[in-house]
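*Asks:* So that you have it, the file is work.cif, and it contains mmCIF, C-alpha atoms:
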data_run
#
loop_
_atom_site.label_atom_id
_atom_site.label_comp_id
_atom_site.auth_asym_id
_atom_site.auth_seq_id
_atom_site.Cartn_x
_atom_site.Cartn_y
_atom_site.Cartn_z
CA MET A 1 4.44 3.13 23.07
CA ARG A 2 7.51 2.58 20.97
CA ALA A 3 8.33 0.70 17.76
CA ARG A 4 9.60 -2.24 19.84
CA ASP A 5 6.09 -2.65 21.33
CA LEU A 6 4.41 -2.77 17.91
CA MET A 7 6.95 -4.57 15.79
CA THR A 8 6.48 -8.12 14.64
CA ASP A 9 8.68 -10.58 12.83
CA PHE A 10 8.52 -9.82 9.17
CA PRO A 11 9.78 -11.90 6.27
CA THR A 12 12.71 -10.50 4.35
CA VAL A 13 13.90 -11.20 0.83
CA THR A 14 17.19 -10.48 -0.87
CA LEU A 15 17.97 -8.86 -4.22
CA ASP A 16 18.38 -12.35 -5.67
CA THR A 17 15.06 -13.76 -4.43
CA SER A 18 12.95 -14.74 -7.44
CA ALA A 19 10.13 -12.31 -8.22
CA LEU A 20 7.70 -15.24 -8.26
CA ASP A 21 8.72 -16.27 -4.73
CA ALA A 22 8.26 -12.65 -3.65
CA ALA A 23 4.74 -12.62 -5.16
CA ARG A 24 3.92 -15.90 -3.37
CA LEU A 25 5.16 -14.53 -0.06
CA LEU A 26 3.04 -11.39 -0.45
CA ALA A 27 -0.04 -13.48 -1.23
CA GLU A 28 0.40 -16.23 1.38
CA ARG A 29 1.18 -13.88 4.24
CA ASP A 30 -1.13 -11.08 3.09
CA LEU A 31 1.64 -8.50 3.34
CA PRO A 32 1.57 -4.86 2.20
CA GLY A 33 5.15 -5.18 0.89
CA LEU A 34 8.46 -6.88 1.50
CA ILE A 35 11.66 -5.81 3.20
CA VAL A 36 14.66 -6.35 0.95
CA ILE A 37 17.93 -6.89 2.84
CA ASP A 38 21.51 -6.88 1.64
CA GLY A 39 24.09 -9.58 2.33
CA ASP A 40 24.76 -8.18 5.82
CA GLY A 41 21.11 -8.17 6.92
CA ARG A 42 20.84 -4.39 6.51
CA PRO A 43 17.72 -2.96 4.87
CA HIS A 44 18.27 -2.31 1.19
CA SER A 45 14.77 -1.24 0.21
CA ILE A 46 11.08 -1.77 0.75
CA LEU A 47 9.36 -3.43 -2.17
CA PRO A 48 5.66 -2.54 -2.45
CA GLY A 49 3.46 -5.40 -3.67
CA THR A 50 2.34 -3.44 -6.71
CA GLN A 51 5.91 -3.22 -7.98
CA VAL A 52 6.31 -7.00 -8.09
CA LEU A 53 3.41 -6.97 -10.57
CA ARG A 54 5.21 -4.41 -12.72
CA LEU A 55 7.76 -7.01 -13.82
CA ALA A 56 4.97 -9.23 -15.12
CA VAL A 57 3.34 -6.48 -17.17
CA PRO A 58 4.56 -6.21 -20.78
CA ALA A 59 6.40 -2.95 -21.46
CA TYR A 60 3.79 -1.70 -23.93
CA CYS A 61 1.08 -1.72 -21.20
CA GLN A 62 3.14 0.08 -18.59
CA ASP A 63 2.54 3.56 -19.96
CA ASP A 64 -1.01 2.79 -21.04
CA PRO A 65 -2.75 0.01 -19.11
CA ALA A 66 -5.62 0.14 -21.65
CA LEU A 67 -3.27 -1.52 -24.18
CA ALA A 68 -3.45 -4.65 -22.02
CA ARG A 69 -6.88 -5.13 -23.60
CA VAL A 70 -5.29 -6.50 -26.76
CA VAL A 71 -4.22 -9.60 -24.82
CA ASP A 72 -7.03 -12.16 -24.74
CA GLU A 73 -8.40 -13.45 -21.45
CA ALA A 74 -6.73 -16.87 -21.60
CA HIS A 75 -3.28 -15.34 -22.12
CA ALA A 76 -3.92 -12.54 -19.62
CA ASP A 77 -4.67 -15.15 -16.94
CA LEU A 78 -1.13 -16.45 -17.30
CA PHE A 79 0.60 -13.06 -17.05
CA LEU A 80 2.51 -13.95 -13.87
CA ARG A 81 4.47 -16.52 -15.89
CA ARG A 82 6.36 -13.55 -17.27
CA LEU A 83 8.04 -13.30 -13.87
CA GLY A 84 9.92 -16.42 -15.02
CA THR A 85 13.47 -16.28 -13.73
CA ARG A 86 13.39 -12.57 -12.86
CA THR A 87 14.47 -11.36 -9.46
CA VAL A 88 13.54 -8.83 -6.83
CA ARG A 89 16.53 -6.73 -7.98
CA GLU A 90 14.76 -6.11 -11.31
CA SER A 91 11.50 -5.04 -9.67
CA LEU A 92 13.02 -2.22 -7.62
CA PRO A 93 12.72 1.36 -8.87
CA ALA A 94 15.77 2.70 -10.70
CA GLN A 95 15.92 5.70 -8.39
CA PRO A 96 16.29 4.64 -4.76
CA ARG A 97 13.67 6.25 -2.55
CA GLU A 98 13.82 7.38 1.03
CA LEU A 99 13.79 4.22 3.12
CA PRO A 100 11.08 3.86 5.79
CA VAL A 101 13.39 2.64 8.53
CA ALA A 102 13.30 3.41 12.26
CA ASP A 103 14.91 2.20 15.42
CA PRO A 104 13.09 0.30 18.19
CA LYS A 105 12.81 3.45 20.30
CA ALA A 106 10.82 5.40 17.67
CA THR A 107 7.48 6.68 18.99
CA VAL A 108 4.20 6.05 17.17
CA LEU A 109 4.31 9.65 15.96
CA GLU A 110 7.74 9.12 14.39
CA LEU A 111 6.45 5.95 12.71
CA ALA A 112 3.31 7.71 11.46
CA ALA A 113 5.35 10.63 10.08
CA LEU A 114 7.62 8.19 8.26
CA MET A 115 4.72 6.17 6.78
CA ALA A 116 2.94 9.35 5.65
CA ARG A 117 6.08 10.85 4.09
CA THR A 118 7.30 7.73 2.30
CA HIS A 119 3.78 6.47 1.45
CA SER A 120 4.83 3.14 2.91
CA PRO A 121 2.42 1.09 5.06
CA LEU A 122 5.47 -0.72 6.36
CA VAL A 123 8.47 0.52 8.39
CA ALA A 124 11.51 -1.72 8.85
CA ILE A 125 12.86 -1.65 12.40
CA VAL A 126 16.62 -1.81 12.53
CA GLU A 127 18.64 -2.76 15.58
CA ALA A 128 22.45 -2.92 15.54
CA GLY A 129 22.41 -2.44 11.77
CA ARG A 130 20.17 -5.41 11.03
CA VAL A 131 16.44 -5.72 10.29
CA ALA A 132 14.80 -6.90 13.51
CA GLY A 133 11.16 -6.75 12.33
CA ALA A 134 8.60 -4.30 11.02
CA VAL A 135 5.73 -2.12 12.09
CA THR A 136 2.77 -2.10 9.71
CA LEU A 137 0.16 0.62 9.28
CA GLN A 138 -2.37 -1.96 10.45
CA SER A 139 -0.51 -2.55 13.72
CA LEU A 140 0.01 1.19 14.25
CA LEU A 141 -3.70 1.93 13.79
CA ASP A 142 -4.79 -1.05 15.91
CA HIS A 143 -2.67 0.17 18.83
CA THR A 144 -3.35 3.89 18.63
CA LEU A 145 -7.07 3.94 17.84
CA THR A 146 -7.93 2.29 21.13
CA ILE A 147 -6.07 4.76 23.35
CA MET B 148 -10.76 -14.34 -15.51
CA ARG B 149 -12.19 -10.86 -15.39
CA ALA B 150 -12.52 -8.15 -12.75
CA ARG B 151 -16.12 -9.29 -12.07
CA ASP B 152 -14.76 -12.72 -10.98
CA LEU B 153 -12.28 -11.18 -8.51
CA MET B 154 -14.15 -8.19 -7.19
CA THR B 155 -15.62 -8.06 -3.74
CA ASP B 156 -17.82 -5.60 -1.91
CA PHE B 157 -15.65 -2.81 -0.64
CA PRO B 158 -16.54 -0.06 1.82
CA THR B 159 -16.70 3.44 0.43
CA VAL B 160 -16.40 6.78 2.16
CA THR B 161 -17.32 10.27 1.03
CA LEU B 162 -15.33 13.51 1.08
CA ASP B 163 -17.20 14.44 4.25
CA THR B 164 -16.50 11.20 6.16
CA SER B 165 -14.48 12.04 9.26
CA ALA B 166 -10.80 11.15 9.01
CA LEU B 167 -11.09 9.27 12.30
CA ASP B 168 -13.92 7.08 10.94
CA ALA B 169 -11.78 6.43 7.85
CA ALA B 170 -8.87 5.35 10.08
CA ARG B 171 -11.19 3.05 12.05
CA LEU B 172 -12.54 1.49 8.87
CA LEU B 173 -9.00 0.84 7.59
CA ALA B 174 -8.04 -0.79 10.88
CA GLU B 175 -11.18 -2.84 11.50
CA ARG B 176 -11.43 -4.23 8.00
CA ASP B 177 -7.66 -4.47 7.43
CA LEU B 178 -7.89 -2.58 4.14
CA PRO B 179 -5.04 -1.28 1.95
CA GLY B 180 -6.98 1.94 1.30
CA LEU B 181 -10.45 3.37 0.89
CA ILE B 182 -12.56 4.24 -2.13
CA VAL B 183 -13.86 7.79 -1.91
CA ILE B 184 -17.11 8.36 -3.81
CA ASP B 185 -18.87 11.56 -4.80
CA GLY B 186 -22.54 12.33 -4.18
CA ASP B 187 -23.59 10.27 -7.22
CA GLY B 188 -21.70 7.12 -6.19
CA ARG B 189 -18.96 7.74 -8.76
CA PRO B 190 -15.34 7.17 -7.71
CA HIS B 191 -13.70 10.43 -6.66
CA SER B 192 -10.34 9.08 -5.50
CA ILE B 193 -8.55 6.26 -3.78
CA LEU B 194 -7.25 7.17 -0.35
CA PRO B 195 -4.19 5.15 0.71
CA GLY B 196 -4.08 4.32 4.41
CA THR B 197 -0.80 6.16 4.87
CA GLN B 198 -2.40 9.43 3.79
CA VAL B 199 -5.02 9.29 6.55
CA LEU B 200 -2.08 9.34 8.97
CA ARG B 201 -0.68 12.43 7.31
CA LEU B 202 -3.49 14.56 8.73
CA ALA B 203 -2.55 13.50 12.24
CA VAL B 204 1.12 14.38 11.85
CA PRO B 205 2.07 17.94 12.88
CA ALA B 206 3.24 20.03 9.93
CA TYR B 207 6.78 20.42 11.31
CA CYS B 208 7.33 16.61 11.16
CA GLN B 209 6.03 16.16 7.64
CA ASP B 210 9.21 17.23 5.90
CA ASP B 211 11.46 15.72 8.53
CA PRO B 212 9.97 12.79 10.46
CA ALA B 213 12.98 12.92 12.83
CA LEU B 214 11.53 16.13 14.31
CA ALA B 215 8.71 13.98 15.73
CA ARG B 216 11.30 12.92 18.32
CA VAL B 217 10.77 16.17 20.23
CA VAL B 218 7.27 14.99 21.18
CA ASP B 219 7.41 12.81 24.28
CA GLU B 220 6.04 9.27 24.25
CA ALA B 221 2.87 10.02 26.22
CA HIS B 222 1.85 12.79 23.83
CA ALA B 223 2.97 10.85 20.76
CA ASP B 224 0.63 8.00 21.76
CA LEU B 225 -2.31 10.36 21.40
CA PHE B 226 -1.37 11.69 17.97
CA LEU B 227 -4.53 10.39 16.29
CA ARG B 228 -6.55 12.85 18.38
CA ARG B 229 -5.28 15.47 15.97
CA LEU B 230 -7.66 13.98 13.40
CA GLY B 231 -10.36 15.67 15.52
CA THR B 232 -13.08 16.98 13.27
CA ARG B 233 -11.05 16.71 10.08
CA THR B 234 -12.43 14.98 7.03
CA VAL B 235 -11.35 12.69 4.22
CA ARG B 236 -11.43 15.73 1.90
CA GLU B 237 -8.48 17.22 3.81
CA SER B 238 -6.41 14.04 3.59
CA LEU B 239 -6.47 13.79 -0.20
CA PRO B 240 -3.45 14.99 -2.19
CA ALA B 241 -3.76 18.50 -3.61
CA GLN B 242 -2.94 17.23 -7.09
CA PRO B 243 -5.44 14.59 -8.23
CA ARG B 244 -3.69 11.44 -9.39
CA GLU B 245 -4.60 8.94 -12.05
CA LEU B 246 -7.49 6.93 -10.65
CA PRO B 247 -7.14 3.13 -10.52
CA VAL B 248 -10.58 2.35 -11.90
CA ALA B 249 -11.62 -0.44 -14.27
CA ASP B 250 -14.79 -1.98 -15.57
CA PRO B 251 -16.02 -5.48 -14.69
CA LYS B 252 -14.75 -6.88 -18.00
CA ALA B 253 -11.10 -5.89 -17.34
CA THR B 254 -8.70 -8.84 -17.53
CA VAL B 255 -6.22 -9.62 -14.77
CA LEU B 256 -3.47 -8.19 -16.96
CA GLU B 257 -5.33 -4.88 -17.27
CA LEU B 258 -5.81 -4.82 -13.49
CA ALA B 259 -2.14 -5.63 -12.86
CA ALA B 260 -0.99 -2.93 -15.29
CA LEU B 261 -3.22 -0.41 -13.53
CA MET B 262 -2.01 -1.37 -10.03
CA ALA B 263 1.64 -1.24 -11.12
CA ARG B 264 1.26 2.13 -12.86
CA THR B 265 -0.74 3.88 -10.14
CA HIS B 266 1.09 2.12 -7.26
CA SER B 267 -2.35 1.25 -5.89
CA PRO B 268 -3.03 -2.16 -4.34
CA LEU B 269 -6.71 -1.45 -4.89
CA VAL B 270 -8.70 -0.93 -8.11
CA ALA B 271 -12.28 0.36 -7.94
CA ILE B 272 -14.63 -1.47 -10.30
CA VAL B 273 -17.19 0.81 -11.84
CA GLU B 274 -20.41 -0.36 -13.48
CA ALA B 275 -22.94 2.07 -14.97
CA GLY B 276 -20.96 4.98 -13.50
CA ARG B 277 -21.11 3.74 -9.90
CA VAL B 278 -18.59 1.90 -7.72
CA ALA B 279 -19.69 -1.75 -7.68
CA GLY B 280 -16.76 -3.14 -5.65
CA ALA B 281 -12.99 -3.46 -5.80
CA VAL B 282 -10.21 -5.83 -6.74
CA THR B 283 -7.29 -5.88 -4.32
CA LEU B 284 -3.69 -6.88 -5.06
CA GLN B 285 -4.22 -9.70 -2.58
CA SER B 286 -7.20 -11.08 -4.51
CA LEU B 287 -5.38 -10.68 -7.83
CA LEU B 288 -2.34 -12.61 -6.59
CA ASP B 289 -4.45 -15.29 -4.88
CA HIS B 290 -6.29 -16.03 -8.12
CA THR B 291 -3.39 -15.82 -10.58
CA LEU B 292 -0.63 -17.57 -8.64
CA THR B 293 -2.56 -20.84 -8.60
CA ILE B 294 -3.11 -21.02 -12.36
#
Rewrite the structure from the file as structure tokens, please.

*Replies:*
Amino acid sequence: MRARDLMTDFPTVTLDTSALDAARLLAERDLPGLIVIDGDGRPHSILPGTQVLRLAVPAYCQDDPALARVVDEAHADLFLRRLGTRTVRESLPAQPRELPVADPKATVLELAALMARTHSPLVAIVEAGRVAGAVTLQSLLDHTLTI
Amino acid sequence: MRARDLMTDFPTVTLDTSALDAARLLAERDLPGLIVIDGDGRPHSILPGTQVLRLAVPAYCQDDPALARVVDEAHADLFLRRLGTRTVRESLPAQPRELPVADPKATVLELAALMARTHSPLVAIVEAGRVAGAVTLQSLLDHTLTI
């Protein structure tokens, strides 16, 4: 079994996609994260769902989530409005991390090693320099637990 | 909106649950991770799905996933057998991390701040010292994007 047998189409976003659209895509498609591509269709980064939220959290709560308690319930409910006109570019970590990327010939063991090392439940599969799809942890487990 | 409005029942495992059962639970229920409880029902840790895989990856591939290429496809397919008799205890990180845990009164902003800070798409909700359920990133986005 190789990555090409497990991979599925996977939505991509760009650095200029709005953070709110990214959040909607995560929610509607129930995705563990998003693949961010550059202008040439190459993988730029993997954006975990939790890091889209980060942009909507006021700076004073980021170091101490307990400080979020000072915001009353009615205002807290609207916190995603803070995403406003912000973009995916702003939600990425300042330090680029190792990218969970593999080619279609990668075995399930290569994919598992990559997911474990990068802590990413999502590996982008790249063919001829462009993102061709993704393998998720869910798909990997579904296919290997039944062998 | 408070954690109690978003939380759902969530399966828990113990430190002695077999790693293979944990992998099956992740796959069957399509979960982003598992809540590990101690003998008194208190949250011990959150186990991300990717870290269950780590136990099944030979040590020599953990630092360099490319080394997994030396294992042929037929053997790679069976990599989960390495979970064998191993347990959840062995798949947890050596250094305990900040636990994404909140009480039922937490607002959505508190939950979002916690998910963003701990990089966990899963927050355990604790009532009277015991895990009462969880709020997932998915549930948080579903409820706050429509406001």

*Asks:* With all Cα atoms paired residue by residue, do a least-squares superposition of chain B on chain A and hand back the transformed coordinates as a PDB file with C-alpha atoms, in the coordinates of the input.

*Replies:*
ATOM      1  CA  MET B 148       4.435   3.144  23.072  1.00  0.00           C
ATOM      2  CA  ARG B 149       7.514   2.585  20.980  1.00  0.00           C
ATOM      3  CA  ALA B 150       8.315   0.709  17.776  1.00  0.00           C
ATOM      4  CA  ARG B 151       9.605  -2.243  19.861  1.00  0.00           C
ATOM      5  CA  ASP B 152       6.083  -2.643  21.357  1.00  0.00           C
ATOM      6  CA  LEU B 153       4.412  -2.750  17.919  1.00  0.00           C
ATOM      7  CA  MET B 154       6.946  -4.565  15.806  1.00  0.00           C
ATOM      8  CA  THR B 155       6.488  -8.109  14.662  1.00  0.00           C
ATOM      9  CA  ASP B 156       8.677 -10.590  12.846  1.00  0.00           C
ATOM     10  CA  PHE B 157       8.516  -9.823   9.173  1.00  0.00           C
ATOM     11  CA  PRO B 158       9.779 -11.912   6.267  1.00  0.00           C
ATOM     12  CA  THR B 159      12.706 -10.513   4.348  1.00  0.00           C
ATOM     13  CA  VAL B 160      13.895 -11.215   0.837  1.00  0.00           C
ATOM     14  CA  THR B 161      17.191 -10.498  -0.875  1.00  0.00           C
ATOM     15  CA  LEU B 162      17.955  -8.859  -4.220  1.00  0.00           C
ATOM     16  CA  ASP B 163      18.383 -12.344  -5.665  1.00  0.00           C
ATOM     17  CA  THR B 164      15.053 -13.763  -4.428  1.00  0.00           C
ATOM     18  CA  SER B 165      12.961 -14.731  -7.442  1.00  0.00           C
ATOM     19  CA  ALA B 166      10.144 -12.313  -8.225  1.00  0.00           C
ATOM     20  CA  LEU B 167       7.720 -15.240  -8.268  1.00  0.00           C
ATOM     21  CA  ASP B 168       8.725 -16.282  -4.724  1.00  0.00           C
ATOM     22  CA  ALA B 169       8.267 -12.651  -3.648  1.00  0.00           C
ATOM     23  CA  ALA B 170       4.757 -12.635  -5.160  1.00  0.00           C
ATOM     24  CA  ARG B 171       3.934 -15.901  -3.370  1.00  0.00           C
ATOM     25  CA  LEU B 172       5.173 -14.537  -0.057  1.00  0.00           C
ATOM     26  CA  LEU B 173       3.041 -11.394  -0.462  1.00  0.00           C
ATOM     27  CA  ALA B 174      -0.025 -13.494  -1.233  1.00  0.00           C
ATOM     28  CA  GLU B 175       0.417 -16.223   1.375  1.00  0.00           C
ATOM     29  CA  ARG B 176       1.196 -13.894   4.242  1.00  0.00           C
ATOM     30  CA  ASP B 177      -1.127 -11.093   3.081  1.00  0.00           C
ATOM     31  CA  LEU B 178       1.636  -8.495   3.340  1.00  0.00           C
ATOM     32  CA  PRO B 179       1.578  -4.851   2.190  1.00  0.00           C
ATOM     33  CA  GLY B 180       5.149  -5.182   0.889  1.00  0.00           C
ATOM     34  CA  LEU B 181       8.458  -6.896   1.492  1.00  0.00           C
ATOM     35  CA  ILE B 182      11.661  -5.829   3.204  1.00  0.00           C
ATOM     36  CA  VAL B 183      14.658  -6.374   0.954  1.00  0.00           C
ATOM     37  CA  ILE B 184      17.920  -6.923   2.840  1.00  0.00           C
ATOM     38  CA  ASP B 185      21.509  -6.883   1.643  1.00  0.00           C
ATOM     39  CA  GLY B 186      24.085  -9.592   2.333  1.00  0.00           C
ATOM     40  CA  ASP B 187      24.753  -8.207   5.829  1.00  0.00           C
ATOM     41  CA  GLY B 188      21.095  -8.188   6.913  1.00  0.00           C
ATOM     42  CA  ARG B 189      20.838  -4.410   6.513  1.00  0.00           C
ATOM     43  CA  PRO B 190      17.704  -2.979   4.880  1.00  0.00           C
ATOM     44  CA  HIS B 191      18.276  -2.322   1.184  1.00  0.00           C
ATOM     45  CA  SER B 192      14.766  -1.239   0.204  1.00  0.00           C
ATOM     46  CA  ILE B 193      11.086  -1.767   0.745  1.00  0.00           C
ATOM     47  CA  LEU B 194       9.358  -3.435  -2.173  1.00  0.00           C
ATOM     48  CA  PRO B 195       5.656  -2.551  -2.466  1.00  0.00           C
ATOM     49  CA  GLY B 196       3.468  -5.403  -3.680  1.00  0.00           C
ATOM     50  CA  THR B 197       2.339  -3.433  -6.713  1.00  0.00           C
ATOM     51  CA  GLN B 198       5.909  -3.214  -7.989  1.00  0.00           C
ATOM     52  CA  VAL B 199       6.313  -6.999  -8.098  1.00  0.00           C
ATOM     53  CA  LEU B 200       3.422  -6.965 -10.575  1.00  0.00           C
ATOM     54  CA  ARG B 201       5.203  -4.419 -12.722  1.00  0.00           C
ATOM     55  CA  LEU B 202       7.749  -7.017 -13.825  1.00  0.00           C
ATOM     56  CA  ALA B 203       4.965  -9.225 -15.128  1.00  0.00           C
ATOM     57  CA  VAL B 204       3.340  -6.483 -17.186  1.00  0.00           C
ATOM     58  CA  PRO B 205       4.554  -6.211 -20.804  1.00  0.00           C
ATOM     59  CA  ALA B 206       6.401  -2.956 -21.464  1.00  0.00           C
ATOM     60  CA  TYR B 207       3.788  -1.706 -23.952  1.00  0.00           C
ATOM     61  CA  CYS B 208       1.076  -1.725 -21.216  1.00  0.00           C
ATOM     62  CA  GLN B 209       3.135   0.071 -18.605  1.00  0.00           C
ATOM     63  CA  ASP B 210       2.525   3.553 -19.940  1.00  0.00           C
ATOM     64  CA  ASP B 211      -1.007   2.792 -21.036  1.00  0.00           C
ATOM     65  CA  PRO B 212      -2.746   0.003 -19.104  1.00  0.00           C
ATOM     66  CA  ALA B 213      -5.610   0.131 -21.648  1.00  0.00           C
ATOM     67  CA  LEU B 214      -3.274  -1.511 -24.187  1.00  0.00           C
ATOM     68  CA  ALA B 215      -3.445  -4.658 -22.029  1.00  0.00           C
ATOM     69  CA  ARG B 216      -6.892  -5.117 -23.594  1.00  0.00           C
ATOM     70  CA  VAL B 217      -5.305  -6.495 -26.768  1.00  0.00           C
ATOM     71  CA  VAL B 218      -4.221  -9.594 -24.827  1.00  0.00           C
ATOM     72  CA  ASP B 219      -7.029 -12.141 -24.734  1.00  0.00           C
ATOM     73  CA  GLU B 220      -8.391 -13.439 -21.437  1.00  0.00           C
ATOM     74  CA  ALA B 221      -6.729 -16.859 -21.603  1.00  0.00           C
ATOM     75  CA  HIS B 222      -3.286 -15.338 -22.111  1.00  0.00           C
ATOM     76  CA  ALA B 223      -3.919 -12.535 -19.624  1.00  0.00           C
ATOM     77  CA  ASP B 224      -4.662 -15.146 -16.935  1.00  0.00           C
ATOM     78  CA  LEU B 225      -1.122 -16.443 -17.293  1.00  0.00           C
ATOM     79  CA  PHE B 226       0.595 -13.065 -17.042  1.00  0.00           C
ATOM     80  CA  LEU B 227       2.515 -13.962 -13.879  1.00  0.00           C
ATOM     81  CA  ARG B 228       4.477 -16.525 -15.898  1.00  0.00           C
ATOM     82  CA  ARG B 229       6.365 -13.551 -17.267  1.00  0.00           C
ATOM     83  CA  LEU B 230       8.046 -13.298 -13.861  1.00  0.00           C
ATOM     84  CA  GLY B 231       9.941 -16.415 -15.017  1.00  0.00           C
ATOM     85  CA  THR B 232      13.484 -16.266 -13.751  1.00  0.00           C
ATOM     86  CA  ARG B 233      13.382 -12.581 -12.868  1.00  0.00           C
ATOM     87  CA  THR B 234      14.476 -11.357  -9.477  1.00  0.00           C
ATOM     88  CA  VAL B 235      13.534  -8.822  -6.832  1.00  0.00           C
ATOM     89  CA  ARG B 236      16.516  -6.721  -7.984  1.00  0.00           C
ATOM     90  CA  GLU B 237      14.753  -6.110 -11.314  1.00  0.00           C
ATOM     91  CA  SER B 238      11.498  -5.029  -9.677  1.00  0.00           C
ATOM     92  CA  LEU B 239      13.005  -2.214  -7.619  1.00  0.00           C
ATOM     93  CA  PRO B 240      12.689   1.374  -8.863  1.00  0.00           C
ATOM     94  CA  ALA B 241      15.730   2.703 -10.711  1.00  0.00           C
ATOM     95  CA  GLN B 242      15.892   5.712  -8.406  1.00  0.00           C
ATOM     96  CA  PRO B 243      16.304   4.655  -4.769  1.00  0.00           C
ATOM     97  CA  ARG B 244      13.677   6.251  -2.560  1.00  0.00           C
ATOM     98  CA  GLU B 245      13.812   7.380   1.026  1.00  0.00           C
ATOM     99  CA  LEU B 246      13.784   4.222   3.118  1.00  0.00           C
ATOM    100  CA  PRO B 247      11.086   3.864   5.796  1.00  0.00           C
ATOM    101  CA  VAL B 248      13.387   2.627   8.539  1.00  0.00           C
ATOM    102  CA  ALA B 249      13.297   3.415  12.261  1.00  0.00           C
ATOM    103  CA  ASP B 250      14.907   2.193  15.427  1.00  0.00           C
ATOM    104  CA  PRO B 251      13.090   0.297  18.191  1.00  0.00           C
ATOM    105  CA  LYS B 252      12.808   3.447  20.319  1.00  0.00           C
ATOM    106  CA  ALA B 253      10.815   5.392  17.677  1.00  0.00           C
ATOM    107  CA  THR B 254       7.482   6.689  18.982  1.00  0.00           C
ATOM    108  CA  VAL B 255       4.211   6.067  17.169  1.00  0.00           C
ATOM    109  CA  LEU B 256       4.299   9.665  15.963  1.00  0.00           C
ATOM    110  CA  GLU B 257       7.730   9.137  14.394  1.00  0.00           C
ATOM    111  CA  LEU B 258       6.452   5.962  12.718  1.00  0.00           C
ATOM    112  CA  ALA B 259       3.314   7.715  11.451  1.00  0.00           C
ATOM    113  CA  ALA B 260       5.339  10.638  10.083  1.00  0.00           C
ATOM    114  CA  LEU B 261       7.615   8.199   8.268  1.00  0.00           C
ATOM    115  CA  MET B 262       4.725   6.183   6.778  1.00  0.00           C
ATOM    116  CA  ALA B 263       2.937   9.351   5.640  1.00  0.00           C
ATOM    117  CA  ARG B 264       6.072  10.861   4.084  1.00  0.00           C
ATOM    118  CA  THR B 265       7.299   7.740   2.290  1.00  0.00           C
ATOM    119  CA  HIS B 266       3.769   6.489   1.443  1.00  0.00           C
ATOM    120  CA  SER B 267       4.831   3.148   2.918  1.00  0.00           C
ATOM    121  CA  PRO B 268       2.432   1.104   5.052  1.00  0.00           C
ATOM    122  CA  LEU B 269       5.478  -0.729   6.361  1.00  0.00           C
ATOM    123  CA  VAL B 270       8.467   0.522   8.385  1.00  0.00           C
ATOM    124  CA  ALA B 271      11.509  -1.721   8.860  1.00  0.00           C
ATOM    125  CA  ILE B 272      12.865  -1.651  12.409  1.00  0.00           C
ATOM    126  CA  VAL B 273      16.618  -1.819  12.522  1.00  0.00           C
ATOM    127  CA  GLU B 274      18.641  -2.767  15.594  1.00  0.00           C
ATOM    128  CA  ALA B 275      22.449  -2.934  15.556  1.00  0.00           C
ATOM    129  CA  GLY B 276      22.400  -2.425  11.776  1.00  0.00           C
ATOM    130  CA  ARG B 277      20.160  -5.417  11.035  1.00  0.00           C
ATOM    131  CA  VAL B 278      16.438  -5.707  10.293  1.00  0.00           C
ATOM    132  CA  ALA B 279      14.804  -6.900  13.524  1.00  0.00           C
ATOM    133  CA  GLY B 280      11.170  -6.757  12.336  1.00  0.00           C
ATOM    134  CA  ALA B 281       8.615  -4.285  11.032  1.00  0.00           C
ATOM    135  CA  VAL B 282       5.729  -2.102  12.097  1.00  0.00           C
ATOM    136  CA  THR B 283       2.786  -2.093   9.705  1.00  0.00           C
ATOM    137  CA  LEU B 284       0.161   0.633   9.278  1.00  0.00           C
ATOM    138  CA  GLN B 285      -2.359  -1.949  10.447  1.00  0.00           C
ATOM    139  CA  SER B 286      -0.498  -2.550  13.716  1.00  0.00           C
ATOM    140  CA  LEU B 287       0.016   1.185  14.242  1.00  0.00           C
ATOM    141  CA  LEU B 288      -3.692   1.930  13.802  1.00  0.00           C
ATOM    142  CA  ASP B 289      -4.780  -1.053  15.917  1.00  0.00           C
ATOM    143  CA  HIS B 290      -2.680   0.149  18.846  1.00  0.00           C
ATOM    144  CA  THR B 291      -3.348   3.892  18.635  1.00  0.00           C
ATOM    145  CA  LEU B 292      -7.063   3.950  17.838  1.00  0.00           C
ATOM    146  CA  THR B 293      -7.924   2.277  21.136  1.00  0.00           C
ATOM    147  CA  ILE B 294      -6.071   4.766  23.337  1.00  0.00           C
TER     148      ILE B 294
END

*Asks:* CA of Pro32 (chain A) and CA of Leu230 (chain B), how far apart in Å?

*Replies:*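 The value is 23.8 Å.
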
*Asks:* Report as a list in words the residues that result from applying the PyMOL selection byres ((chain A and resi 79) around 10) to the structure here.

*Replies:*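 With the shown file as input, the PyMOL selection byres ((chain A and resi 79) around 10) matches Leu53, Leu55, Ala56, Val57, Pro58, Val71, Ala74, His75, Ala76, Asp77, Leu78, Leu80, Arg81, Arg82 and Leu83 of chain A; Val255, Leu256, Ala259, Thr291, Leu292 and Ile294 of chain B.
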
*Asks:* Name every residue that the PyMOL selection byres ((chain A and resi 123) around 8) selects in this structure, writing the answer as an MDAnalysis selection string with chains first and numbers rising.

*Replies:* chainID A and resid 100:102 111 114:115 120:122 124:125 134:136

*Asks:* State, in Å with one decimal place, the distance from CA of Ala59 (chain A) to CA of Asp250 (chain B).

*Replies:*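 These two atoms are separated by 22.0 Å.
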
*Asks:* Please enumerate the residues selected by the PyMOL selection byres ((chain B and resi 216) around 10) when evaluated against the supplied file, formatted as a list in words.

*Replies:*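 Selected by the PyMOL selection byres ((chain B and resi 216) around 10) in this file: Lys105, Ala106, Thr107, Val108, Leu109 and Glu110 of chain A; Cys208, Pro212, Ala213, Leu214, Ala215, Val217, Val218, Asp219, Glu220 and Ala223 of chain B.
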
*Asks:* Grab the CA of Ala260 (chain B) to CA of Asp16 (chain A) distance for me, in Å with one decimal place.

*Replies:*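 About the pair CA of Ala260 (chain B) and CA of Asp16 (chain A): they are 23.6 Å apart.
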